[in-house]
file model14.csv (CSV, C-alpha atoms)
chain,number,residue,atom,x,y,z
A,1344,MET,CA,161.8,-8.1,141.0
A,1345,PHE,CA,158.8,-8.4,143.3
A,1346,THR,CA,159.2,-4.8,144.3
A,1347,LYS,CA,159.3,-3.6,140.7
A,1348,ALA,CA,156.3,-5.7,139.8
A,1349,LEU,CA,154.4,-4.3,142.7
A,1350,PHE,CA,155.3,-0.8,141.8
A,1351,ALA,CA,154.2,-1.4,138.2
A,1352,LEU,CA,150.8,-2.8,139.4
A,1353,THR,CA,150.4,0.1,141.8
A,1354,ALA,CA,151.1,2.6,139.1
A,1355,LEU,CA,148.6,0.9,136.8
A,1356,ALA,CA,146.0,1.0,139.5
A,1357,VAL,CA,146.5,4.7,140.0
A,1358,THR,CA,146.3,5.3,136.3
A,1359,VAL,CA,143.1,3.3,136.0
A,1360,LEU,CA,141.6,5.1,139.0
A,1361,ALA,CA,142.6,8.5,137.6
A,1362,ALA,CA,141.2,7.9,134.2
A,1363,PRO,CA,138.2,10.0,133.4
A,1364,SER,CA,134.9,8.2,133.1
A,1365,PRO,CA,133.8,7.5,129.5
A,1366,GLN,CA,131.5,10.1,128.0
A,1367,ALA,CA,129.2,10.0,125.1
A,1368,VAL,CA,129.3,12.8,122.5
A,1369,CYS,CA,125.7,14.0,121.8
A,1370,SER,CA,124.1,16.6,119.6
A,1371,LYS,CA,126.0,19.9,119.1
A,1372,GLY,CA,129.1,18.3,120.5
A,1373,ARG,CA,127.7,18.2,124.1
A,1374,ARG,CA,128.8,15.4,126.3
A,1375,ALA,CA,126.8,13.1,128.6
A,1376,ASN,CA,127.6,10.5,131.2
A,1377,SER,CA,126.0,7.8,129.0
A,1378,ALA,CA,124.8,7.5,125.4
A,1379,SER,CA,121.3,6.9,126.8
A,1380,CYS,CA,121.4,10.5,128.1
A,1381,CYS,CA,121.9,12.1,124.7
A,1382,VAL,CA,118.2,12.2,123.9
A,1383,TRP,CA,117.7,14.6,126.8
A,1384,PHE,CA,119.8,17.3,125.2
A,1385,ASP,CA,117.3,17.3,122.4
A,1386,VAL,CA,114.4,17.4,124.9
A,1387,LEU,CA,116.2,20.3,126.7
A,1388,ASP,CA,116.5,22.4,123.5
A,1389,ASP,CA,112.9,21.8,122.6
A,1390,ILE,CA,111.3,22.6,126.0
A,1391,GLN,CA,113.5,25.6,126.7
A,1392,GLU,CA,112.3,27.1,123.4
A,1393,ASN,CA,108.7,25.9,123.2
A,1394,LEU,CA,107.5,25.2,126.7
A,1395,PHE,CA,109.5,27.7,128.8
A,1396,ASP,CA,109.3,30.5,126.2
A,1397,GLY,CA,112.9,30.7,125.4
A,1398,GLY,CA,114.2,30.0,129.0
A,1399,GLU,CA,112.0,32.2,131.2
A,1400,CYS,CA,111.0,31.6,134.8
A,1401,GLY,CA,107.3,31.9,134.1
A,1402,GLU,CA,104.0,30.1,134.7
A,1403,GLU,CA,105.1,26.9,132.8
A,1404,VAL,CA,108.1,26.6,135.1
A,1405,HIS,CA,106.0,27.1,138.2
A,1406,GLU,CA,103.5,24.5,137.0
A,1407,SER,CA,106.2,22.0,135.9
A,1408,LEU,CA,107.8,22.2,139.3
A,1409,ARG,CA,104.4,21.6,140.9
A,1410,LEU,CA,103.8,18.6,138.7
A,1411,THR,CA,107.0,16.9,139.9
A,1412,PHE,CA,105.4,16.8,143.4
A,1413,HIS,CA,101.9,15.9,142.4
A,1414,ASP,CA,103.1,12.9,140.3
A,1415,ALA,CA,105.6,11.6,142.8
A,1416,ILE,CA,103.6,11.9,146.1
A,1417,GLY,CA,101.1,9.4,144.9
A,1418,PHE,CA,103.1,6.9,146.9
A,1419,SER,CA,102.5,4.9,150.1
A,1420,PRO,CA,104.5,1.8,151.1
A,1421,LYS,CA,101.3,0.1,152.2
A,1422,LEU,CA,99.4,0.8,149.0
A,1423,ILE,CA,102.5,-0.2,146.9
A,1424,ARG,CA,102.3,-3.6,148.6
A,1425,GLU,CA,98.6,-3.7,147.5
A,1426,GLY,CA,99.6,-2.9,143.9
A,1427,LYS,CA,98.3,0.7,144.0
A,1428,GLY,CA,100.3,3.8,142.9
A,1429,GLY,CA,104.0,4.0,142.1
A,1430,GLY,CA,105.4,7.3,143.1
A,1431,ALA,CA,107.4,9.3,140.5
A,1432,ASP,CA,106.2,7.2,137.6
A,1433,GLY,CA,104.3,9.5,135.3
A,1434,SER,CA,100.9,8.0,136.2
A,1435,ILE,CA,99.4,11.5,136.5
A,1436,MET,CA,100.1,11.9,132.7
A,1437,ALA,CA,99.3,8.3,131.7
A,1438,PHE,CA,96.1,8.3,133.7
A,1439,SER,CA,95.3,12.0,133.5
A,1440,GLU,CA,91.6,11.3,133.1
A,1441,ILE,CA,91.6,9.8,136.6
A,1442,GLU,CA,94.3,11.7,138.6
A,1443,THR,CA,93.7,15.2,137.3
A,1444,ASN,CA,90.1,14.9,138.6
A,1445,PHE,CA,91.3,14.4,142.2
A,1446,HIS,CA,90.4,17.6,144.1
A,1447,ALA,CA,94.0,18.1,145.3
A,1448,ASN,CA,95.2,18.0,141.6
A,1449,ASP,CA,92.8,20.7,140.5
A,1450,GLY,CA,94.5,22.7,137.7
A,1451,VAL,CA,97.4,20.4,136.9
A,1452,ASP,CA,95.5,19.1,133.8
A,1453,GLU,CA,96.8,22.1,131.9
A,1454,ILE,CA,100.5,21.5,132.4
A,1455,VAL,CA,100.0,17.7,131.9
A,1456,GLU,CA,98.5,18.4,128.5
A,1457,GLU,CA,101.2,20.9,127.6
A,1458,GLN,CA,104.0,18.5,128.5
A,1459,ARG,CA,102.6,15.3,127.0
A,1460,PRO,CA,103.3,16.0,123.3
A,1461,PHE,CA,107.0,16.6,124.2
A,1462,ALA,CA,107.4,13.3,125.9
A,1463,ILE,CA,105.7,11.5,123.0
A,1464,LYS,CA,107.7,13.3,120.4
A,1465,HIS,CA,111.0,12.4,122.0
A,1466,GLN,CA,109.9,8.9,123.0
A,1467,VAL,CA,110.8,9.2,126.6
A,1468,SER,CA,108.7,8.0,129.5
A,1469,PHE,CA,106.2,10.3,131.2
A,1470,GLY,CA,107.8,9.7,134.6
A,1471,ASP,CA,111.2,10.8,133.3
A,1472,PHE,CA,109.8,13.8,131.4
A,1473,ILE,CA,107.9,15.2,134.4
A,1474,GLN,CA,111.0,15.2,136.6
A,1475,PHE,CA,113.3,16.5,133.8
A,1476,ALA,CA,111.0,19.4,132.9
A,1477,GLY,CA,110.8,20.5,136.6
A,1478,ALA,CA,114.6,20.3,136.9
A,1479,VAL,CA,115.3,22.2,133.7
A,1480,GLY,CA,112.6,24.8,134.3
A,1481,VAL,CA,113.8,25.9,137.8
A,1482,THR,CA,117.3,26.6,136.4
A,1483,ASN,CA,115.7,29.5,134.5
A,1484,CYS,CA,114.9,31.2,137.8
A,1485,ALA,CA,117.5,33.6,139.2
A,1486,GLY,CA,119.2,31.9,142.2
A,1487,GLY,CA,117.7,28.6,141.4
A,1488,PRO,CA,119.1,25.1,142.1
A,1489,ARG,CA,120.6,22.5,139.8
A,1490,LEU,CA,118.6,19.3,140.5
A,1491,GLN,CA,119.8,15.8,140.0
A,1492,PHE,CA,118.1,14.0,137.1
A,1493,LEU,CA,118.0,10.2,136.9
A,1494,ALA,CA,116.5,8.6,133.7
A,1495,GLY,CA,115.2,5.2,133.0
A,1496,ARG,CA,111.7,5.1,134.6
A,1497,SER,CA,109.4,2.7,132.9
A,1498,ASN,CA,106.4,4.0,130.9
A,1499,ILE,CA,104.3,1.3,132.5
A,1500,SER,CA,102.5,2.7,135.6
A,1501,ARG,CA,99.3,2.3,137.6
A,1502,PRO,CA,96.9,5.0,138.6
A,1503,SER,CA,97.6,6.6,141.9
A,1504,PRO,CA,94.8,6.3,144.5
A,1505,ASP,CA,93.0,9.5,145.6
A,1506,LEU,CA,93.7,11.4,148.8
A,1507,LEU,CA,97.5,11.0,148.7
A,1508,VAL,CA,98.3,14.6,147.7
A,1509,PRO,CA,98.0,17.0,150.7
A,1510,GLU,CA,95.6,19.9,150.4
A,1511,PRO,CA,96.2,23.5,151.4
A,1512,SER,CA,93.2,23.3,153.7
A,1513,ASP,CA,94.7,20.3,155.7
A,1514,SER,CA,95.9,20.6,159.2
A,1515,ASN,CA,99.6,20.3,160.0
A,1516,ASP,CA,99.0,16.9,161.7
A,1517,VAL,CA,97.2,15.6,158.6
A,1518,ILE,CA,100.0,16.9,156.3
A,1519,PHE,CA,102.8,15.6,158.5
A,1520,ALA,CA,101.2,12.2,158.7
A,1521,ARG,CA,100.6,11.9,155.0
A,1522,MET,CA,104.1,13.0,154.1
A,1523,GLY,CA,105.6,10.9,156.9
A,1524,ASP,CA,104.0,7.8,155.3
A,1525,ALA,CA,105.8,8.7,152.1
A,1526,GLY,CA,109.1,9.0,154.0
A,1527,PHE,CA,109.4,12.8,154.7
A,1528,SER,CA,110.0,14.4,158.0
A,1529,PRO,CA,108.4,17.7,159.0
A,1530,VAL,CA,111.7,19.5,158.4
A,1531,GLU,CA,111.9,17.9,154.9
A,1532,ILE,CA,108.4,19.2,154.2
A,1533,VAL,CA,109.7,22.7,154.8
A,1534,ASP,CA,112.6,21.9,152.4
A,1535,LEU,CA,110.0,20.9,149.7
A,1536,LEU,CA,108.0,24.0,150.3
A,1537,VAL,CA,111.1,26.0,149.1
A,1538,SER,CA,109.4,25.5,145.7
A,1539,HIS,CA,106.7,28.0,146.7
A,1540,THR,CA,109.3,30.8,146.3
A,1541,VAL,CA,108.5,30.6,142.5
A,1542,ALA,CA,104.9,29.6,142.8
A,1543,ALA,CA,101.4,31.0,142.4
A,1544,GLN,CA,97.8,29.8,142.9
A,1545,ASP,CA,95.2,29.4,140.2
A,1546,ARG,CA,92.3,27.4,141.6
A,1547,VAL,CA,92.0,28.1,145.4
A,1548,ASP,CA,90.5,31.4,144.4
A,1549,PRO,CA,89.7,31.0,140.7
A,1550,THR,CA,88.7,34.7,140.3
A,1551,ILE,CA,92.4,35.7,140.6
A,1552,PRO,CA,94.5,33.1,138.8
A,1553,GLY,CA,98.3,33.5,138.8
A,1554,THR,CA,98.4,35.1,142.2
A,1555,PRO,CA,101.9,34.6,143.7
A,1556,PHE,CA,102.8,33.3,147.1
A,1557,ASP,CA,105.5,36.0,147.5
A,1558,SER,CA,106.6,39.3,146.0
A,1559,THR,CA,109.3,37.9,143.8
A,1560,PRO,CA,107.8,34.8,142.0
A,1561,GLU,CA,110.4,35.0,139.2
A,1562,VAL,CA,113.4,34.7,141.7
A,1563,PHE,CA,114.4,31.6,143.7
A,1564,ASP,CA,115.0,33.7,146.8
A,1565,SER,CA,114.1,33.7,150.5
A,1566,GLN,CA,111.2,36.3,150.4
A,1567,PHE,CA,108.6,33.6,150.6
A,1568,PHE,CA,109.9,32.6,154.1
A,1569,VAL,CA,109.8,36.2,155.3
A,1570,GLU,CA,106.4,37.1,153.9
A,1571,THR,CA,104.6,34.1,155.2
A,1572,LEU,CA,105.5,35.2,158.7
A,1573,LEU,CA,104.0,38.7,158.2
A,1574,LYS,CA,100.6,39.5,159.8
A,1575,GLY,CA,97.8,39.1,157.3
A,1576,THR,CA,95.7,42.1,156.6
A,1577,ALA,CA,93.3,41.3,153.7
A,1578,PHE,CA,92.3,38.8,151.1
A,1579,PRO,CA,93.6,39.5,147.6
A,1580,GLY,CA,90.4,38.3,145.8
A,1581,ASN,CA,86.8,37.7,146.5
A,1582,GLY,CA,87.1,36.8,150.2
A,1583,SER,CA,87.9,33.7,152.2
A,1584,ASN,CA,88.2,30.5,150.2
A,1585,VAL,CA,88.9,27.0,151.6
A,1586,GLY,CA,92.6,26.7,152.0
A,1587,GLU,CA,93.2,30.5,152.1
A,1588,LEU,CA,94.2,33.0,154.8
A,1589,VAL,CA,94.5,36.8,154.7
A,1590,SER,CA,97.6,38.0,153.0
A,1591,PRO,CA,100.0,40.8,154.2
A,1592,LEU,CA,100.4,42.3,150.7
A,1593,GLY,CA,98.1,43.4,148.0
A,1594,GLY,CA,98.1,40.9,145.1
A,1595,GLU,CA,99.8,38.2,147.2
A,1596,PHE,CA,98.1,34.9,148.2
A,1597,ARG,CA,98.6,33.0,151.4
A,1598,LEU,CA,97.8,29.3,151.7
A,1599,PHE,CA,96.4,28.1,155.1
A,1600,SER,CA,98.9,25.2,155.1
A,1601,ASP,CA,101.9,27.5,154.4
A,1602,ALA,CA,101.0,29.9,157.2
A,1603,ASN,CA,100.5,27.1,159.7
A,1604,ILE,CA,103.7,25.2,158.9
A,1605,ALA,CA,105.6,28.4,159.2
A,1606,ARG,CA,104.3,28.8,162.8
A,1607,ASP,CA,104.4,25.2,164.0
A,1608,ALA,CA,107.0,24.4,166.7
A,1609,ARG,CA,108.1,21.4,164.7
A,1610,THR,CA,109.0,23.4,161.6
A,1611,ALA,CA,109.3,27.0,162.5
A,1612,CYS,CA,113.1,27.1,163.0
A,1613,GLU,CA,113.8,25.4,159.7
A,1614,TRP,CA,111.4,27.9,158.1
A,1615,GLN,CA,113.1,30.9,159.7
A,1616,SER,CA,116.6,29.6,159.0
A,1617,PHE,CA,116.2,30.1,155.2
A,1618,ILE,CA,115.6,33.8,155.5
A,1619,THR,CA,119.3,34.6,156.0
A,1620,ASP,CA,120.8,31.4,154.4
A,1621,HIS,CA,120.0,31.2,150.7
A,1622,ALA,CA,122.8,28.6,150.1
A,1623,SER,CA,121.3,26.3,152.7
A,1624,MET,CA,117.8,26.8,151.3
A,1625,VAL,CA,119.0,25.7,147.8
A,1626,SER,CA,121.1,22.8,148.9
A,1627,LYS,CA,118.4,21.4,151.1
A,1628,PHE,CA,115.9,21.7,148.3
A,1629,GLU,CA,118.3,19.9,146.0
A,1630,ARG,CA,118.7,17.1,148.5
A,1631,VAL,CA,115.0,16.6,149.2
A,1632,MET,CA,114.1,16.7,145.5
A,1633,VAL,CA,116.5,13.7,145.0
A,1634,LYS,CA,114.3,11.8,147.4
A,1635,LEU,CA,111.0,13.0,145.9
A,1636,ALA,CA,112.0,12.3,142.3
A,1637,THR,CA,112.9,8.7,143.1
A,1638,LEU,CA,109.9,7.7,145.2
A,1639,GLY,CA,108.9,4.2,144.1
A,1640,HIS,CA,112.2,3.5,142.4
A,1641,ASN,CA,115.6,2.1,143.2
A,1642,PRO,CA,118.0,4.9,142.1
A,1643,ARG,CA,120.7,2.3,141.3
A,1644,THR,CA,118.6,1.0,138.4
A,1645,LEU,CA,118.4,4.5,136.9
A,1646,THR,CA,121.0,6.4,134.8
A,1647,ASP,CA,122.5,9.6,136.1
A,1648,CYS,CA,121.9,12.2,133.3
A,1649,SER,CA,122.3,15.2,135.6
A,1650,ASP,CA,125.0,16.7,133.3
A,1651,VAL,CA,122.2,17.5,130.8
A,1652,ILE,CA,120.6,19.9,133.3
A,1653,PRO,CA,121.8,23.5,132.7
A,1654,VAL,CA,124.0,25.2,135.2
A,1655,PRO,CA,121.9,28.1,136.6
A,1656,ALA,CA,123.3,31.6,136.0
A,1657,ASN,CA,125.6,32.7,138.8
A,1658,THR,CA,123.2,35.4,140.1
A,1659,ARG,CA,124.1,37.2,143.3
A,1660,LEU,CA,120.8,37.9,145.0
A,1661,PRO,CA,120.2,40.7,147.5
A,1662,PRO,CA,119.5,39.7,151.1
A,1663,ALA,CA,116.0,39.1,152.1
A,1664,THR,CA,114.1,42.2,153.2
A,1665,LEU,CA,110.8,43.2,154.8
A,1666,PRO,CA,108.6,44.4,152.0
A,1667,ALA,CA,108.4,48.2,151.7
A,1668,GLY,CA,105.8,49.5,154.2
A,1669,LYS,CA,106.4,46.7,156.7
A,1670,SER,CA,108.5,46.6,159.9
A,1671,LEU,CA,109.7,43.9,162.3
A,1672,ARG,CA,106.6,44.6,164.4
A,1673,ASP,CA,104.6,43.0,161.6
A,1674,ILE,CA,106.4,39.7,161.9
A,1675,GLU,CA,104.8,36.8,163.8
A,1676,ALA,CA,108.0,35.0,164.8
A,1677,ALA,CA,107.6,31.4,165.8
A,1678,CYS,CA,111.0,29.9,166.3
A,1679,ARG,CA,111.7,29.8,170.0
A,1680,ALA,CA,115.3,28.7,169.7
A,1681,THR,CA,116.6,31.6,167.6
A,1682,PRO,CA,115.6,35.3,167.5
A,1683,PHE,CA,114.1,36.5,164.2
A,1684,PRO,CA,116.8,38.1,162.1
A,1685,ALA,CA,117.1,41.8,162.1
A,1686,ILE,CA,116.5,42.3,158.4
A,1687,LYS,CA,115.8,45.7,156.9
A,1688,ALA,CA,112.7,46.9,155.1
A,1689,ALA,CA,112.9,47.6,151.4
A,1690,PRO,CA,112.7,51.3,150.5
A,1691,GLY,CA,110.0,52.8,148.4
A,1692,PRO,CA,106.2,52.8,148.4
A,1693,VAL,CA,104.1,50.0,150.0
A,1694,THR,CA,104.7,46.7,148.2
A,1695,THR,CA,102.0,45.3,145.9
A,1696,VAL,CA,102.4,42.1,143.9
A,1697,ALA,CA,101.5,41.6,140.2
A,1698,PRO,CA,100.0,38.3,138.9
A,1699,VAL,CA,102.2,36.0,136.9

call {"tool": "encode", "arguments": {"input": "model14.csv", "output": "structure tokens"}}
result
Amino acid sequence: MFTKALFALTALAVTVLAAPSPQAVCSKGRRANSASCCVWFDVLDDIQENLFDGGECGEEVHESLRLTFHDAIGFSPKLIREGKGGGADGSIMAFSEIETNFHANDGVDEIVEEQRPFAIKHQVSFGDFIQFAGAVGVTNCAGGPRLQFLAGRSNISRPSPDLLVPEPSDSNDVIFARMGDAGFSPVEIVDLLVSHTVAAQDRVDPTIPGTPFDSTPEVFDSQFFVETLLKGTAFPGNGSNVGELVSPLGGEFRLFSDANIARDARTACEWQSFITDHASMVSKFERVMVKLATLGHNPRTLTDCSDVIPVPANTRLPPATLPAGKSLRDIEAACRATPFPAIKAAPGPVTTVAPV
């Protein structure tokens, strides 16, 4: 009898463990991990159509991804103990009159004002909306990641203090110290900079807004990590600006900080590794964004609504190449542990880059 009872209990336990987790049925029959996630399907439909122009990987996606960082990095354990700042809490939107006037946040006021009406319309917190928009937007980019999305951040926040967002003109030591205070290693900084593969500048040189950091700003590929290691030849705009270095390609912009981190002994090998390993680049970006998006929060108190984030298209990207007109002699390799990969040059005329 005992054996039969034990068998019955064991079978019941297996049945319980094997049972699928309960799911909520949301609009259009879509399913979510929790009923509280259903609102995000409605937000998804709205922003894909009306913020991201029908699901494009364009300027609004670039700026939305940038905003996830500028909101979240207003975080320092010491300042938190003093009641200042709160990490990924939406304060850059709640207190935009303060935070968008910080020098390092120059230009983010436009995407803040574009996003705000969506958050208010759907009655979701600013902190949640900023991270959701970034996660959704980057799925529109070929080769892009599928980021985790946790919901439930309070809409009560405090203004972030100034001087917490690194500037492109900062030295590596200054950037590593600031980011280290927020909990990121130098290697993780490289992982965060994967975002620059679909990014452009507007305000470092305001005469040429929308100037990309690589030749494929609509594709989440490895070209950024190749092209930052090319020898610079000329400025794309009106000459040297604070935070800018000469670029290797016409129409491409090079940040001082990107170039220096690419060549720093502490980060050069991580940088170079992404050139031939797109899968690693994407997975490490996904991992570090989990950390960024929950700065100032206990993830256990948030609800996992990641199943609302679209699955990116299964796009097979070509391997990274040297831009047409360049050769391996133009590369300034900086990783001493591993030789620079023997990638080929793209065929055709000399590469130039159009603004986004």

call {"tool": "closest_residue", "arguments": {"input": "model14.csv", "among": "A:Lys1574, A:His1539, A:Lys1634, A:His1640", "to": "Lys1669 (chain A)", "atoms": "only C-alpha atoms"}}
result
A:Lys1574

call {"tool": "closest_atom_pairs", "arguments": {"input": "model14.csv", "of": "region 1564-1663 of chain A", "to": "region 1373-1384 of chain A", "cutoff": "9 Å", "atoms": "all atoms listed in the file", "output": "tab-separated table"}}
result
residue	atom	partner	partner_atom	distance
A:Thr1646	CA	A:Ser1377	CA	7.8
A:Asp1647	CA	A:Asn1376	CA	7.1
A:Cys1648	CA	A:Cys1380	CA	5.5
A:Ser1649	CA	A:Asn1376	CA	8.3
A:Asp1650	CA	A:Ala1375	CA	6.2
A:Val1651	CA	A:Phe1384	CA	6.1
A:Ile1652	CA	A:Phe1384	CA	8.5

call {"tool": "write_last_selection", "arguments": {"input": "model14.csv", "atoms": "C-alpha atoms", "output": "mmCIF file, keeping the file's coordinate frame"}}
result
data_model
loop_
_atom_site.group_PDB
_atom_site.id
_atom_site.type_symbol
_atom_site.label_atom_id
_atom_site.label_comp_id
_atom_site.auth_asym_id
_atom_site.auth_seq_id
_atom_site.Cartn_x
_atom_site.Cartn_y
_atom_site.Cartn_z
ATOM 1 C CA THR A 1646 121.000 6.400 134.800
ATOM 2 C CA ASP A 1647 122.500 9.600 136.100
ATOM 3 C CA CYS A 1648 121.900 12.200 133.300
ATOM 4 C CA SER A 1649 122.300 15.200 135.600
ATOM 5 C CA ASP A 1650 125.000 16.700 133.300
ATOM 6 C CA VAL A 1651 122.200 17.500 130.800
ATOM 7 C CA ILE A 1652 120.600 19.900 133.300
#

call {"tool": "closest_residue", "arguments": {"input": "model14.csv", "among": "A:Asn1448, A:Ile1454, A:Thr1482, A:Ser1439", "to": "Gln1391 (chain A)", "atoms": "all atoms listed in the file"}}
result
A:Thr1482

call {"tool": "closest_residue", "arguments": {"input": "model14.csv", "among": "A:Pro1555, A:Gly1639, A:Gly1486, A:Pro1509", "to": "Thr1695 (chain A)", "atoms": "only C-alpha atoms"}}
result
A:Pro1555

call {"tool": "residues_around", "arguments": {"input": "model14.csv", "residues": "region 1471-1474 of chain A", "least_positions_apart": "6", "cutoff": "8 Å", "atoms": "all atoms listed in the file", "output": "PDB file with C-alpha atoms, in the frame of the given file"}}
result
ATOM      1  CA  SER A1407     106.200  22.000 135.900  1.00  0.00           C
ATOM      2  CA  LEU A1410     103.800  18.600 138.700  1.00  0.00           C
ATOM      3  CA  THR A1411     107.000  16.900 139.900  1.00  0.00           C
ATOM      4  CA  ASP A1414     103.100  12.900 140.300  1.00  0.00           C
ATOM      5  CA  ALA A1431     107.400   9.300 140.500  1.00  0.00           C
ATOM      6  CA  ASP A1432     106.200   7.200 137.600  1.00  0.00           C
ATOM      7  CA  GLY A1433     104.300   9.500 135.300  1.00  0.00           C
ATOM      8  CA  GLN A1458     104.000  18.500 128.500  1.00  0.00           C
ATOM      9  CA  ALA A1462     107.400  13.300 125.900  1.00  0.00           C
ATOM     10  CA  PHE A1492     118.100  14.000 137.100  1.00  0.00           C
ATOM     11  CA  LEU A1493     118.000  10.200 136.900  1.00  0.00           C
ATOM     12  CA  ALA A1494     116.500   8.600 133.700  1.00  0.00           C
ATOM     13  CA  GLY A1495     115.200   5.200 133.000  1.00  0.00           C
ATOM     14  CA  ARG A1496     111.700   5.100 134.600  1.00  0.00           C
ATOM     15  CA  ALA A1636     112.000  12.300 142.300  1.00  0.00           C
TER      16      ALA A1636
END

call {"tool": "atom_distance", "arguments": {"input": "model14.csv", "atom1": "CA of Glu1629 (chain A)", "atom2": "CA of Ala1656 (chain A)"}}
result
16.2 Å

call {"tool": "atom_distance", "arguments": {"input": "model14.csv", "atom1": "CA of Gly1470 (chain A)", "atom2": "CA of Asn1498 (chain A)"}}
result
6.9 Å

call {"tool": "atom_distance", "arguments": {"input": "model14.csv", "atom1": "CA of Arg1489 (chain A)", "atom2": "CA of Val1654 (chain A)"}}
result
6.3 Å

call {"tool": "residues_around", "arguments": {"input": "model14.csv", "residues": "Pro1552 (chain A)", "least_positions_apart": "2", "cutoff": "12 Å", "atoms": "only C-alpha atoms", "output": "JSON, numbers by chain"}}
result
{"A": [1402, 1450, 1542, 1543, 1544, 1545, 1546, 1547, 1548, 1549, 1550, 1554, 1555, 1556, 1579, 1580, 1581, 1594, 1595, 1596, 1697, 1698, 1699]}

call {"tool": "closest_residue", "arguments": {"input": "model14.csv", "among": "A:Pro1511, A:Pro1642, A:Gly1691, A:Pro1682", "to": "Gln1491 (chain A)", "atoms": "all atoms listed in the file"}}
result
A:Pro1642

call {"tool": "residues_near_point", "arguments": {"input": "model14.csv", "point": "(101.4, 25.6, 153.9)", "cutoff": "9 Å", "atoms": "only C-alpha atoms", "output": "VMD selection string"}}
result
chain A and resid 1510 to 1513 1515 1533 1536 1597 to 1605

call {"tool": "closest_residue", "arguments": {"input": "model14.csv", "among": "A:Ala1367, A:Val1696, A:Leu1638, A:Leu1490", "to": "Gly1429 (chain A)", "atoms": "only C-alpha atoms"}}
result
A:Leu1638

call {"tool": "residues_around", "arguments": {"input": "model14.csv", "residues": "region 1523-1526 of chain A", "least_positions_apart": "3", "cutoff": "9 Å", "atoms": "only C-alpha atoms", "output": "PyMOL selection string"}}
result
chain A and resi 1416-1421+1518-1520+1529+1634+1638

call {"tool": "residues_around", "arguments": {"input": "model14.csv", "residues": "Ala1688 (chain A)", "least_positions_apart": "6", "cutoff": "12 Å", "atoms": "only C-alpha atoms", "output": "VMD selection string"}}
result
chain A and resid 1566 1569 to 1570 1662 to 1674 1694

call {"tool": "closest_residue", "arguments": {"input": "model14.csv", "among": "A:Met1624, A:Cys1400, A:Leu1387, A:Val1631", "to": "Phe1475 (chain A)", "atoms": "all atoms listed in the file"}}
result
A:Leu1387

call {"tool": "decode", "arguments": {"input": "model14.csv", "residues": "region 1519-1531 of chain A", "atoms": "N, CA and C atoms", "output": "mmCIF file, in the first residue's frame"}}
result
data_model
loop_
_atom_site.group_PDB
_atom_site.id
_atom_site.type_symbol
_atom_site.label_atom_id
_atom_site.label_comp_id
_atom_site.auth_asym_id
_atom_site.auth_seq_id
_atom_site.Cartn_x
_atom_site.Cartn_y
_atom_site.Cartn_z
ATOM 1 N N PHE A 1519 35.385 54.288 -17.350
ATOM 2 C CA PHE A 1519 35.420 53.022 -16.628
ATOM 3 C C PHE A 1519 35.090 53.223 -15.155
ATOM 4 N N ALA A 1520 35.543 54.334 -14.573
ATOM 5 C CA ALA A 1520 35.244 54.598 -13.169
ATOM 6 C C ALA A 1520 33.753 54.880 -12.965
ATOM 7 N N ARG A 1521 33.166 55.699 -13.826
ATOM 8 C CA ARG A 1521 31.732 56.013 -13.700
ATOM 9 C C ARG A 1521 30.882 54.759 -13.892
ATOM 10 N N MET A 1522 31.190 53.996 -14.926
ATOM 11 C CA MET A 1522 30.419 52.799 -15.189
ATOM 12 C C MET A 1522 30.687 51.722 -14.132
ATOM 13 N N GLY A 1523 31.900 51.683 -13.612
ATOM 14 C CA GLY A 1523 32.205 50.747 -12.536
ATOM 15 C C GLY A 1523 31.397 51.055 -11.293
ATOM 16 N N ASP A 1524 31.198 52.326 -11.006
ATOM 17 C CA ASP A 1524 30.376 52.732 -9.866
ATOM 18 C C ASP A 1524 28.942 52.245 -10.028
ATOM 19 N N ALA A 1525 28.477 52.181 -11.268
ATOM 20 C CA ALA A 1525 27.120 51.696 -11.535
ATOM 21 C C ALA A 1525 27.060 50.178 -11.641
ATOM 22 N N GLY A 1526 28.218 49.512 -11.581
ATOM 23 C CA GLY A 1526 28.226 48.057 -11.547
ATOM 24 C C GLY A 1526 28.662 47.366 -12.819
ATOM 25 N N PHE A 1527 29.262 48.100 -13.769
ATOM 26 C CA PHE A 1527 29.653 47.518 -15.050
ATOM 27 C C PHE A 1527 31.171 47.445 -15.184
ATOM 28 N N SER A 1528 31.673 46.294 -15.620
ATOM 29 C CA SER A 1528 33.098 46.117 -15.872
ATOM 30 C C SER A 1528 33.464 46.745 -17.212
ATOM 31 N N PRO A 1529 34.756 46.955 -17.481
ATOM 32 C CA PRO A 1529 35.152 47.461 -18.797
ATOM 33 C C PRO A 1529 34.651 46.585 -19.944
ATOM 34 N N VAL A 1530 34.699 45.274 -19.781
ATOM 35 C CA VAL A 1530 34.209 44.376 -20.834
ATOM 36 C C VAL A 1530 32.705 44.575 -21.045
ATOM 37 N N GLU A 1531 31.954 44.765 -19.967
ATOM 38 C CA GLU A 1531 30.512 44.994 -20.099
ATOM 39 C C GLU A 1531 30.214 46.330 -20.772
#
